[in-house]
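File shown: model.pdb. Contents: PDB, C-alpha atoms and all ligand atoms.
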ATOM      1  CA  MET S   1      74.457-102.043 126.239  1.00  0.00           C
ATOM      2  CA  GLU S   2      76.741-101.813 123.239  1.00  0.00           C
ATOM      3  CA  LEU S   3      76.444 -98.435 121.517  1.00  0.00           C
ATOM      4  CA  LYS S   4      75.087-100.000 118.333  1.00  0.00           C
ATOM      5  CA  GLU S   5      72.432-101.870 120.339  1.00  0.00           C
ATOM      6  CA  VAL S   6      71.399 -98.616 122.017  1.00  0.00           C
ATOM      7  CA  ILE S   7      71.119 -96.921 118.623  1.00  0.00           C
ATOM      8  CA  LYS S   8      69.090 -99.831 117.262  1.00  0.00           C
ATOM      9  CA  ASN S   9      66.802-100.071 120.296  1.00  0.00           C
ATOM     10  CA  ARG S  10      65.916 -96.383 120.678  1.00  0.00           C
ATOM     11  CA  ARG S  11      62.323 -95.593 119.769  1.00  0.00           C
ATOM     12  CA  SER S  12      60.100 -92.564 120.076  1.00  0.00           C
ATOM     13  CA  ILE S  13      57.931 -93.461 123.057  1.00  0.00           C
ATOM     14  CA  ARG S  14      54.484 -91.878 123.321  1.00  0.00           C
ATOM     15  CA  LYS S  15      53.009 -93.905 126.209  1.00  0.00           C
ATOM     16  CA  TYR S  16      54.535 -93.886 129.690  1.00  0.00           C
ATOM     17  CA  LYS S  17      54.030 -95.746 132.948  1.00  0.00           C
ATOM     18  CA  CYS S  18      53.030 -93.777 136.008  1.00  0.00           C
ATOM     19  CA  GLU S  19      56.463 -94.294 137.545  1.00  0.00           C
ATOM     20  CA  GLU S  20      58.803 -91.615 138.804  1.00  0.00           C
ATOM     21  CA  VAL S  21      62.265 -91.025 137.361  1.00  0.00           C
ATOM     22  CA  GLN S  22      64.887 -90.382 140.020  1.00  0.00           C
ATOM     23  CA  ASN S  23      66.796 -87.076 139.994  1.00  0.00           C
ATOM     24  CA  GLU S  24      70.136 -88.936 139.741  1.00  0.00           C
ATOM     25  CA  VAL S  25      68.935 -90.504 136.503  1.00  0.00           C
ATOM     26  CA  ILE S  26      67.972 -87.098 135.117  1.00  0.00           C
ATOM     27  CA  GLN S  27      71.375 -85.749 136.118  1.00  0.00           C
ATOM     28  CA  ASP S  28      72.994 -88.629 134.257  1.00  0.00           C
ATOM     29  CA  LEU S  29      71.030 -87.756 131.096  1.00  0.00           C
ATOM     30  CA  ILE S  30      72.027 -84.099 131.247  1.00  0.00           C
ATOM     31  CA  GLU S  31      75.651 -85.067 131.937  1.00  0.00           C
ATOM     32  CA  CYS S  32      75.571 -86.937 128.599  1.00  0.00           C
ATOM     33  CA  ALA S  33      74.114 -83.841 126.902  1.00  0.00           C
ATOM     34  CA  ARG S  34      76.939 -81.801 128.428  1.00  0.00           C
ATOM     35  CA  LEU S  35      79.509 -83.957 126.634  1.00  0.00           C
ATOM     36  CA  ALA S  36      77.981 -83.428 123.177  1.00  0.00           C
ATOM     37  CA  PRO S  37      79.928 -81.601 120.473  1.00  0.00           C
ATOM     38  CA  SER S  38      78.882 -78.069 119.516  1.00  0.00           C
ATOM     39  CA  ALA S  39      79.902 -75.466 116.936  1.00  0.00           C
ATOM     40  CA  LYS S  40      83.038 -73.667 118.194  1.00  0.00           C
ATOM     41  CA  ASN S  41      82.440 -75.533 121.444  1.00  0.00           C
ATOM     42  CA  ARG S  42      79.948 -72.823 122.355  1.00  0.00           C
ATOM     43  CA  GLN S  43      77.658 -75.230 124.245  1.00  0.00           C
ATOM     44  CA  PRO S  44      74.724 -72.898 123.618  1.00  0.00           C
ATOM     45  CA  TRP S  45      72.215 -74.940 125.601  1.00  0.00           C
ATOM     46  CA  GLU S  46      70.342 -75.079 128.845  1.00  0.00           C
ATOM     47  CA  PHE S  47      68.055 -77.862 130.061  1.00  0.00           C
ATOM     48  CA  LEU S  48      65.111 -77.138 132.315  1.00  0.00           C
ATOM     49  CA  ILE S  49      63.387 -80.089 133.981  1.00  0.00           C
ATOM     50  CA  VAL S  50      59.650 -79.704 134.449  1.00  0.00           C
ATOM     51  CA  LYS S  51      57.177 -82.018 136.138  1.00  0.00           C
ATOM     52  CA  ASP S  52      53.606 -82.135 137.427  1.00  0.00           C
ATOM     53  CA  ILE S  53      51.527 -78.955 137.160  1.00  0.00           C
ATOM     54  CA  THR S  54      54.025 -76.970 135.080  1.00  0.00           C
ATOM     55  CA  LYS S  55      54.344 -79.835 132.621  1.00  0.00           C
ATOM     56  CA  ASN S  56      50.564 -80.021 132.262  1.00  0.00           C
ATOM     57  CA  GLU S  57      50.332 -76.255 131.840  1.00  0.00           C
ATOM     58  CA  ILE S  58      52.810 -76.529 128.964  1.00  0.00           C
ATOM     59  CA  ALA S  59      50.648 -79.195 127.321  1.00  0.00           C
ATOM     60  CA  ASN S  60      47.580 -76.977 127.807  1.00  0.00           C
ATOM     61  CA  ILE S  61      49.369 -73.982 126.249  1.00  0.00           C
ATOM     62  CA  MET S  62      50.137 -76.176 123.227  1.00  0.00           C
ATOM     63  CA  LEU S  63      46.537 -77.351 122.967  1.00  0.00           C
ATOM     64  CA  GLU S  64      45.205 -73.817 123.320  1.00  0.00           C
ATOM     65  CA  LYS S  65      47.539 -72.542 120.607  1.00  0.00           C
ATOM     66  CA  GLN S  66      46.595 -75.412 118.326  1.00  0.00           C
ATOM     67  CA  LYS S  67      43.001 -74.206 118.358  1.00  0.00           C
ATOM     68  CA  GLY S  68      44.157 -71.116 116.454  1.00  0.00           C
ATOM     69  CA  GLN S  69      46.021 -70.682 113.198  1.00  0.00           C
ATOM     70  CA  ASN S  70      48.655 -73.330 113.807  1.00  0.00           C
ATOM     71  CA  VAL S  71      46.402 -76.256 113.079  1.00  0.00           C
ATOM     72  CA  ILE S  72      45.986 -74.857 109.588  1.00  0.00           C
ATOM     73  CA  LEU S  73      49.742 -74.349 109.318  1.00  0.00           C
ATOM     74  CA  GLU S  74      50.390 -77.871 110.495  1.00  0.00           C
ATOM     75  CA  LYS S  75      47.900 -79.384 108.107  1.00  0.00           C
ATOM     76  CA  LYS S  76      49.391 -77.436 105.256  1.00  0.00           C
ATOM     77  CA  LEU S  77      53.039 -78.106 106.042  1.00  0.00           C
ATOM     78  CA  LEU S  78      52.959 -81.573 107.512  1.00  0.00           C
ATOM     79  CA  GLY S  79      49.706 -83.107 106.316  1.00  0.00           C
ATOM     80  CA  ALA S  80      48.764 -83.719 109.940  1.00  0.00           C
ATOM     81  CA  ASN S  81      45.905 -82.411 112.009  1.00  0.00           C
ATOM     82  CA  SER S  82      46.331 -83.823 115.445  1.00  0.00           C
ATOM     83  CA  SER S  83      50.038 -84.274 116.097  1.00  0.00           C
ATOM     84  CA  VAL S  84      50.246 -81.340 118.515  1.00  0.00           C
ATOM     85  CA  LYS S  85      47.254 -82.787 120.319  1.00  0.00           C
ATOM     86  CA  GLU S  86      48.917 -86.201 120.559  1.00  0.00           C
ATOM     87  CA  THR S  87      52.221 -84.704 121.627  1.00  0.00           C
ATOM     88  CA  ALA S  88      50.450 -82.693 124.338  1.00  0.00           C
ATOM     89  CA  LYS S  89      48.810 -85.940 125.560  1.00  0.00           C
ATOM     90  CA  THR S  90      52.233 -87.607 125.722  1.00  0.00           C
ATOM     91  CA  ILE S  91      53.639 -84.640 127.667  1.00  0.00           C
ATOM     92  CA  LYS S  92      50.866 -84.996 130.230  1.00  0.00           C
ATOM     93  CA  GLU S  93      51.511 -88.732 130.556  1.00  0.00           C
ATOM     94  CA  ALA S  94      55.315 -88.666 130.791  1.00  0.00           C
ATOM     95  CA  PRO S  95      56.660 -87.991 134.303  1.00  0.00           C
ATOM     96  CA  ILE S  96      59.447 -85.714 133.066  1.00  0.00           C
ATOM     97  CA  LEU S  97      59.707 -83.078 130.391  1.00  0.00           C
ATOM     98  CA  ILE S  98      63.104 -81.631 129.580  1.00  0.00           C
ATOM     99  CA  LEU S  99      62.827 -78.188 127.997  1.00  0.00           C
ATOM    100  CA  VAL S 100      65.801 -77.538 125.748  1.00  0.00           C
ATOM    101  CA  PHE S 101      66.735 -73.884 125.395  1.00  0.00           C
ATOM    102  CA  LYS S 102      69.202 -72.390 122.942  1.00  0.00           C
ATOM    103  CA  GLN S 103      70.925 -69.054 123.402  1.00  0.00           C
ATOM    104  CA  TYR S 104      69.927 -66.463 120.837  1.00  0.00           C
ATOM    105  CA  ASN S 105      72.865 -65.787 118.538  1.00  0.00           C
ATOM    106  CA  GLU S 106      72.651 -64.098 115.187  1.00  0.00           C
ATOM    107  CA  ASN S 107      75.998 -65.324 113.826  1.00  0.00           C
ATOM    108  CA  TRP S 108      75.841 -69.020 114.589  1.00  0.00           C
ATOM    109  CA  THR S 109      72.167 -69.885 114.522  1.00  0.00           C
ATOM    110  CA  VAL S 110      72.464 -73.017 112.357  1.00  0.00           C
ATOM    111  CA  GLY S 111      75.660 -74.280 113.970  1.00  0.00           C
ATOM    112  CA  ASP S 112      74.177 -73.773 117.414  1.00  0.00           C
ATOM    113  CA  ALA S 113      70.958 -75.551 116.466  1.00  0.00           C
ATOM    114  CA  LEU S 114      72.958 -78.524 115.154  1.00  0.00           C
ATOM    115  CA  GLY S 115      74.900 -78.698 118.416  1.00  0.00           C
ATOM    116  CA  VAL S 116      71.721 -78.657 120.453  1.00  0.00           C
ATOM    117  CA  GLY S 117      70.438 -81.506 118.260  1.00  0.00           C
ATOM    118  CA  ALA S 118      73.549 -83.531 119.072  1.00  0.00           C
ATOM    119  CA  ALA S 119      72.994 -82.939 122.799  1.00  0.00           C
ATOM    120  CA  ILE S 120      69.356 -84.019 122.512  1.00  0.00           C
ATOM    121  CA  GLU S 121      70.328 -87.252 120.770  1.00  0.00           C
ATOM    122  CA  HIS S 122      72.858 -87.967 123.531  1.00  0.00           C
ATOM    123  CA  ILE S 123      69.972 -87.694 126.017  1.00  0.00           C
ATOM    124  CA  CYS S 124      67.693 -89.974 123.987  1.00  0.00           C
ATOM    125  CA  LEU S 125      70.393 -92.613 123.538  1.00  0.00           C
ATOM    126  CA  ARG S 126      71.432 -92.557 127.177  1.00  0.00           C
ATOM    127  CA  ALA S 127      67.752 -92.858 128.152  1.00  0.00           C
ATOM    128  CA  THR S 128      67.527 -96.051 126.076  1.00  0.00           C
ATOM    129  CA  ASP S 129      70.748 -97.296 127.644  1.00  0.00           C
ATOM    130  CA  LEU S 130      69.255 -96.796 131.127  1.00  0.00           C
ATOM    131  CA  GLY S 131      66.019 -98.602 130.237  1.00  0.00           C
ATOM    132  CA  LEU S 132      63.984 -95.418 129.836  1.00  0.00           C
ATOM    133  CA  GLY S 133      61.808 -94.256 126.986  1.00  0.00           C
ATOM    134  CA  SER S 134      62.060 -90.810 125.436  1.00  0.00           C
ATOM    135  CA  LEU S 135      60.386 -88.632 122.838  1.00  0.00           C
ATOM    136  CA  TRP S 136      62.140 -85.787 121.045  1.00  0.00           C
ATOM    137  CA  ILE S 137      59.489 -83.087 120.691  1.00  0.00           C
ATOM    138  CA  ARG S 138      59.436 -80.103 118.407  1.00  0.00           C
ATOM    139  CA  ASP S 139      55.703 -79.416 118.574  1.00  0.00           C
ATOM    140  CA  THR S 140      56.549 -77.013 121.408  1.00  0.00           C
ATOM    141  CA  THR S 141      57.910 -74.659 118.720  1.00  0.00           C
ATOM    142  CA  TYR S 142      54.467 -73.296 117.837  1.00  0.00           C
ATOM    143  CA  SER S 143      54.043 -71.972 121.363  1.00  0.00           C
ATOM    144  CA  GLN S 144      57.713 -71.543 122.275  1.00  0.00           C
ATOM    145  CA  LYS S 145      57.329 -67.914 123.403  1.00  0.00           C
ATOM    146  CA  GLU S 146      54.377 -68.671 125.698  1.00  0.00           C
ATOM    147  CA  ILE S 147      56.138 -71.692 127.216  1.00  0.00           C
ATOM    148  CA  ALA S 148      59.409 -69.769 127.702  1.00  0.00           C
ATOM    149  CA  LYS S 149      57.448 -67.009 129.450  1.00  0.00           C
ATOM    150  CA  LEU S 150      55.693 -69.501 131.726  1.00  0.00           C
ATOM    151  CA  VAL S 151      59.022 -70.799 133.035  1.00  0.00           C
ATOM    152  CA  GLY S 152      60.828 -67.426 133.015  1.00  0.00           C
ATOM    153  CA  TYR S 153      63.148 -68.137 130.050  1.00  0.00           C
ATOM    154  CA  GLU S 154      62.079 -65.333 127.678  1.00  0.00           C
ATOM    155  CA  ASN S 155      65.737 -64.531 126.924  1.00  0.00           C
ATOM    156  CA  MET S 156      66.335 -67.938 125.318  1.00  0.00           C
ATOM    157  CA  GLU S 157      64.769 -69.908 122.471  1.00  0.00           C
ATOM    158  CA  LEU S 158      62.866 -73.064 123.313  1.00  0.00           C
ATOM    159  CA  ILE S 159      64.220 -75.217 120.515  1.00  0.00           C
ATOM    160  CA  SER S 160      62.837 -78.624 121.545  1.00  0.00           C
ATOM    161  CA  ALA S 161      61.626 -80.665 124.463  1.00  0.00           C
ATOM    162  CA  ILE S 162      62.169 -84.283 125.468  1.00  0.00           C
ATOM    163  CA  ALA S 163      59.602 -86.399 127.266  1.00  0.00           C
ATOM    164  CA  VAL S 164      61.247 -89.012 129.469  1.00  0.00           C
ATOM    165  CA  GLY S 165      59.868 -91.882 131.509  1.00  0.00           C
ATOM    166  CA  TYR S 166      59.429 -95.643 131.691  1.00  0.00           C
ATOM    167  CA  ALA S 167      57.889 -96.891 128.458  1.00  0.00           C
ATOM    168  CA  ASP S 168      54.396 -98.327 128.443  1.00  0.00           C
ATOM    169  CA  GLU S 169      54.673 -99.383 124.810  1.00  0.00           C
ATOM    170  CA  HIS S 170      57.262-101.237 122.764  1.00  0.00           C
ATOM    171  CA  PRO S 171      56.929-100.072 119.173  1.00  0.00           C
ATOM    172  CA  LYS S 172      58.628-101.885 116.342  1.00  0.00           C
ATOM    173  CA  GLN S 173      61.411-100.128 114.507  1.00  0.00           C
ATOM    174  CA  ARG S 174      59.911 -97.405 112.298  1.00  0.00           C
ATOM    175  CA  PRO S 175      60.636 -97.521 108.581  1.00  0.00           C
ATOM    176  CA  ARG S 176      63.920 -96.177 107.337  1.00  0.00           C
ATOM    177  CA  LYS S 177      65.300 -95.528 103.879  1.00  0.00           C
ATOM    178  CA  LYS S 178      67.573 -98.253 102.529  1.00  0.00           C
ATOM    179  CA  LEU S 179      71.307 -97.772 102.980  1.00  0.00           C
ATOM    180  CA  GLU S 180      71.797 -97.629  99.192  1.00  0.00           C
ATOM    181  CA  GLU S 181      69.410 -94.682  99.018  1.00  0.00           C
ATOM    182  CA  ILE S 182      71.412 -92.536 101.396  1.00  0.00           C
ATOM    183  CA  LEU S 183      74.993 -93.797 101.077  1.00  0.00           C
ATOM    184  CA  LYS S 184      76.756 -92.638  97.925  1.00  0.00           C
ATOM    185  CA  TRP S 185      80.388 -93.243  97.037  1.00  0.00           C
ATOM    186  CA  TYR S 186      82.023 -90.563  94.898  1.00  0.00           C
TER     187      TYR S 186
HETATM  188  C1  LIG O   1      63.664 -82.836 115.458  1.00  0.00           C
HETATM  189  C2  LIG O   1      62.591 -83.837 115.817  1.00  0.00           C
HETATM  190  C3  LIG O   1      61.357 -83.370 116.199  1.00  0.00           C
HETATM  191  C4  LIG O   1      60.348 -84.271 116.567  1.00  0.00           C
HETATM  192  N1  LIG O   1      59.160 -83.779 117.054  1.00  0.00           N
HETATM  193  C5  LIG O   1      58.194 -84.641 117.447  1.00  0.00           C
HETATM  194  C6  LIG O   1      56.994 -84.140 118.040  1.00  0.00           C
HETATM  195  O1  LIG O   1      56.822 -82.949 118.255  1.00  0.00           O
HETATM  196  N2  LIG O   1      56.043 -85.049 118.393  1.00  0.00           N
HETATM  197  C7  LIG O   1      56.216 -86.401 118.218  1.00  0.00           C
HETATM  198  O2  LIG O   1      55.323 -87.180 118.568  1.00  0.00           O
HETATM  199  N3  LIG O   1      57.373 -86.896 117.686  1.00  0.00           N
HETATM  200  C8  LIG O   1      58.356 -86.052 117.304  1.00  0.00           C
HETATM  201  N4  LIG O   1      59.553 -86.549 116.819  1.00  0.00           N
HETATM  202  C9  LIG O   1      59.758 -88.005 116.706  1.00  0.00           C
HETATM  203  C10 LIG O   1      59.713 -88.488 115.257  1.00  0.00           C
HETATM  204  O3  LIG O   1      58.381 -88.495 114.827  1.00  0.00           O
HETATM  205  C11 LIG O   1      60.347 -89.887 115.207  1.00  0.00           C
HETATM  206  O4  LIG O   1      61.718 -89.788 115.535  1.00  0.00           O
HETATM  207  C12 LIG O   1      60.242 -90.567 113.837  1.00  0.00           C
HETATM  208  O5  LIG O   1      58.893 -90.770 113.513  1.00  0.00           O
HETATM  209  C13 LIG O   1      60.977 -91.919 113.797  1.00  0.00           C
HETATM  210  O6  LIG O   1      60.524 -92.769 114.837  1.00  0.00           O
HETATM  211  P1  LIG O   1      61.555 -93.353 115.901  1.00  0.00           P
HETATM  212  O7  LIG O   1      62.112 -92.180 116.686  1.00  0.00           O
HETATM  213  O8  LIG O   1      60.753 -94.258 116.800  1.00  0.00           O
HETATM  214  O9  LIG O   1      62.616 -94.079 115.181  1.00  0.00           O
HETATM  215  C14 LIG O   1      60.577 -85.674 116.479  1.00  0.00           C
HETATM  216  C15 LIG O   1      61.849 -86.125 116.087  1.00  0.00           C
HETATM  217  C16 LIG O   1      62.849 -85.216 115.780  1.00  0.00           C
HETATM  218  C17 LIG O   1      64.238 -85.726 115.432  1.00  0.00           C
END
Using structure tokens, write down the structure that the file contains.
Ligand SMILES: Cc1cc2nc3c(=O)[nH]c(=O)nc-3n(C[C@H](O)[C@H](O)[C@H](O)COP(=O)(O)O)c2cc1C
Amino acid sequence: MELKEVIKNRRSIRKYKCEEVQNEVIQDLIECARLAPSAKNRQPWEFLIVKDITKNEIANIMLEKQKGQNVILEKKLLGANSSVKETAKTIKEAPILILVFKQYNENWTVGDALGVGAAIEHICLRATDLGLGSLWIRDTTYSQKEIAKLVGYENMELISAIAVGYADEHPKQRPRKKLEEILKWY
């Protein structure tokens, strides 16, 4: 696919077919993440692939945490009350969850986070290119410490996760601001 087509066709996918994703495909996605730019070329990322029971445990940790104070926080900040719940459902349904860890670094926190974002987008775009669906997930943030502990990554920050699999839905393009609203010429 042409790059612009890939960019246009990418969607957040929240329903997945019960179909495995081959390890070579996952390797291909992470290879694309590896090529992403990063502040000072620090490449402050690590990608942990989780499936099956561990993936479901992660979803359960998120659901458990949501029962506490975070649902209030979410409602207050985002005007939502069930997004963590829906994200956890998607995580259970998707065959693959990529946990995206960022090294802790006091000096370059923002730069590093931006670089990790670039790597995540490379994964999502390549997934589209290969006929896969993906969902960039940040709802893991509320329980990032518990999830990191579960998989033995307490020394890193779980900055995001990406659900990957074959799409079982084909959503229309979600609304975007008009070009004139965001493009200014000085
Ligand atoms: C940083 C980031 C965090 C996101 N976190 C979540 C999430 O936790 N759960 C979810 O369902 N979608 C999440 N999304 C997906 C957005 O909701 C989605 O990109 C947006 O609604 C536009 O839809 P589209 O991706 O289909 O164009 C996230 C996207 C980004 C970039």
* Asked: Quick one: which residues end up in the PyMOL selection byres (((chain S and resi 44) around 9) and not hetatm) for this structure, as a count of residues only?
  -> 16
Which residues of chain S come within 8 Å of ligand LIG 1 (chain O), and what is each one's closest atom pair and distance in Å (one decimal), counting only C-alpha atoms and all ligand atoms, sorted by chain and residue number, as JSON lines?
{"residue": "S:Arg10", "atom": "CA", "partner": "O:LIG1", "partner_atom": "O8", "distance": 6.8}
{"residue": "S:Arg11", "atom": "CA", "partner": "O:LIG1", "partner_atom": "O8", "distance": 3.6}
{"residue": "S:Ser12", "atom": "CA", "partner": "O:LIG1", "partner_atom": "O8", "distance": 3.7}
{"residue": "S:Ile13", "atom": "CA", "partner": "O:LIG1", "partner_atom": "O8", "distance": 6.9}
{"residue": "S:Arg14", "atom": "CA", "partner": "O:LIG1", "partner_atom": "O2", "distance": 6.7}
{"residue": "S:Ser83", "atom": "CA", "partner": "O:LIG1", "partner_atom": "N2", "distance": 6.5}
{"residue": "S:Val84", "atom": "CA", "partner": "O:LIG1", "partner_atom": "O1", "distance": 6.8}
{"residue": "S:Glu86", "atom": "CA", "partner": "O:LIG1", "partner_atom": "O2", "distance": 6.8}
{"residue": "S:Thr87", "atom": "CA", "partner": "O:LIG1", "partner_atom": "O2", "distance": 5.0}
{"residue": "S:Thr90", "atom": "CA", "partner": "O:LIG1", "partner_atom": "O2", "distance": 7.8}
{"residue": "S:Gly117", "atom": "CA", "partner": "O:LIG1", "partner_atom": "C1", "distance": 7.5}
{"residue": "S:Leu135", "atom": "CA", "partner": "O:LIG1", "partner_atom": "C9", "distance": 6.2}
{"residue": "S:Trp136", "atom": "CA", "partner": "O:LIG1", "partner_atom": "C14", "distance": 4.8}
{"residue": "S:Ile137", "atom": "CA", "partner": "O:LIG1", "partner_atom": "O1", "distance": 3.6}
{"residue": "S:Arg138", "atom": "CA", "partner": "O:LIG1", "partner_atom": "O1", "distance": 3.9}
{"residue": "S:Asp139", "atom": "CA", "partner": "O:LIG1", "partner_atom": "O1", "distance": 3.7}
{"residue": "S:Thr140", "atom": "CA", "partner": "O:LIG1", "partner_atom": "O1", "distance": 6.7}
{"residue": "S:Ser160", "atom": "CA", "partner": "O:LIG1", "partner_atom": "C3", "distance": 7.3}
{"residue": "S:Pro171", "atom": "CA", "partner": "O:LIG1", "partner_atom": "O8", "distance": 7.4}
{"residue": "S:Lys172", "atom": "CA", "partner": "O:LIG1", "partner_atom": "O8", "distance": 7.9}
{"residue": "S:Gln173", "atom": "CA", "partner": "O:LIG1", "partner_atom": "O9", "distance": 6.2}
{"residue": "S:Arg174", "atom": "CA", "partner": "O:LIG1", "partner_atom": "O9", "distance": 5.2}
{"residue": "S:Pro175", "atom": "CA", "partner": "O:LIG1", "partner_atom": "C13", "distance": 7.7}
* Applied to this file, what does the PyMOL selection byres (((chain S and resi 148-153) around 12) and not hetatm) return in terms of residues, put as a ChimeraX atom specification? -> /S:46-51,53-61,99-104,140-147,154-161
* Work out how far atom CA of Asn23 of chain S is from atom CA of Ala36 of chain S, in Å to one decimal. =>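 Value for the atom CA of Ala36 of chain S-atom CA of Asn23 of chain S distance: 20.5 Å.
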* Go ahead and compute the interatomic distance for atom CA of Glu19 of chain S and atom CA of Gln66 of chain S, in Å to one decimal. => 28.7 Å
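Of the residues listed (S:His122, S:Lys15, S:Lys4, S:Lys177), S:His122 shows the shortest atom-to-atom separation from Ile30 of chain S; distances use all atoms listed in the file.
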* Asked: How far is it from atom CA of Lys40 of chain S to atom CA of Glu24 of chain S, in Å with one decimal?
  ->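 Computing it gives 29.4 Å between the two atoms.
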* To do: Translate the PyMOL selection byres (((chain S and resi 27) around 12) and not hetatm), as applied to the file shown, into an explicit residue set as a count of residues only.
  => 20
* For Val6 of chain S, please output as number ranges by chain all residues within 7 Å (counting only C-alpha atoms; exclusion window: fewer than 3 positions along the same chain). => S: 1-3, 9-10, 125, 128-129
* To do: Compare S:Leu63, S:Ile120, S:Leu179, S:Ile91 by their minimum atom-to-atom distance to Leu35 of chain S, counting all atoms listed in the file, and give me the closest one.
  =>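 The answer is S:Ile120, which sits nearest to Leu35 of chain S.
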* **Nearest to Pro95 of chain S, chosen from S:Met62, S:Ile7, S:Tyr16, S:Trp108, with all atoms listed in the file counted in the distances** =>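 Under the stated criterion, the closest residue is S:Tyr16.
Closest approach to Ala167 of chain S among S:Glu20, S:Asp52, S:Glu121, S:Glu64 is made by S:Glu20 (distances from only C-alpha atoms).
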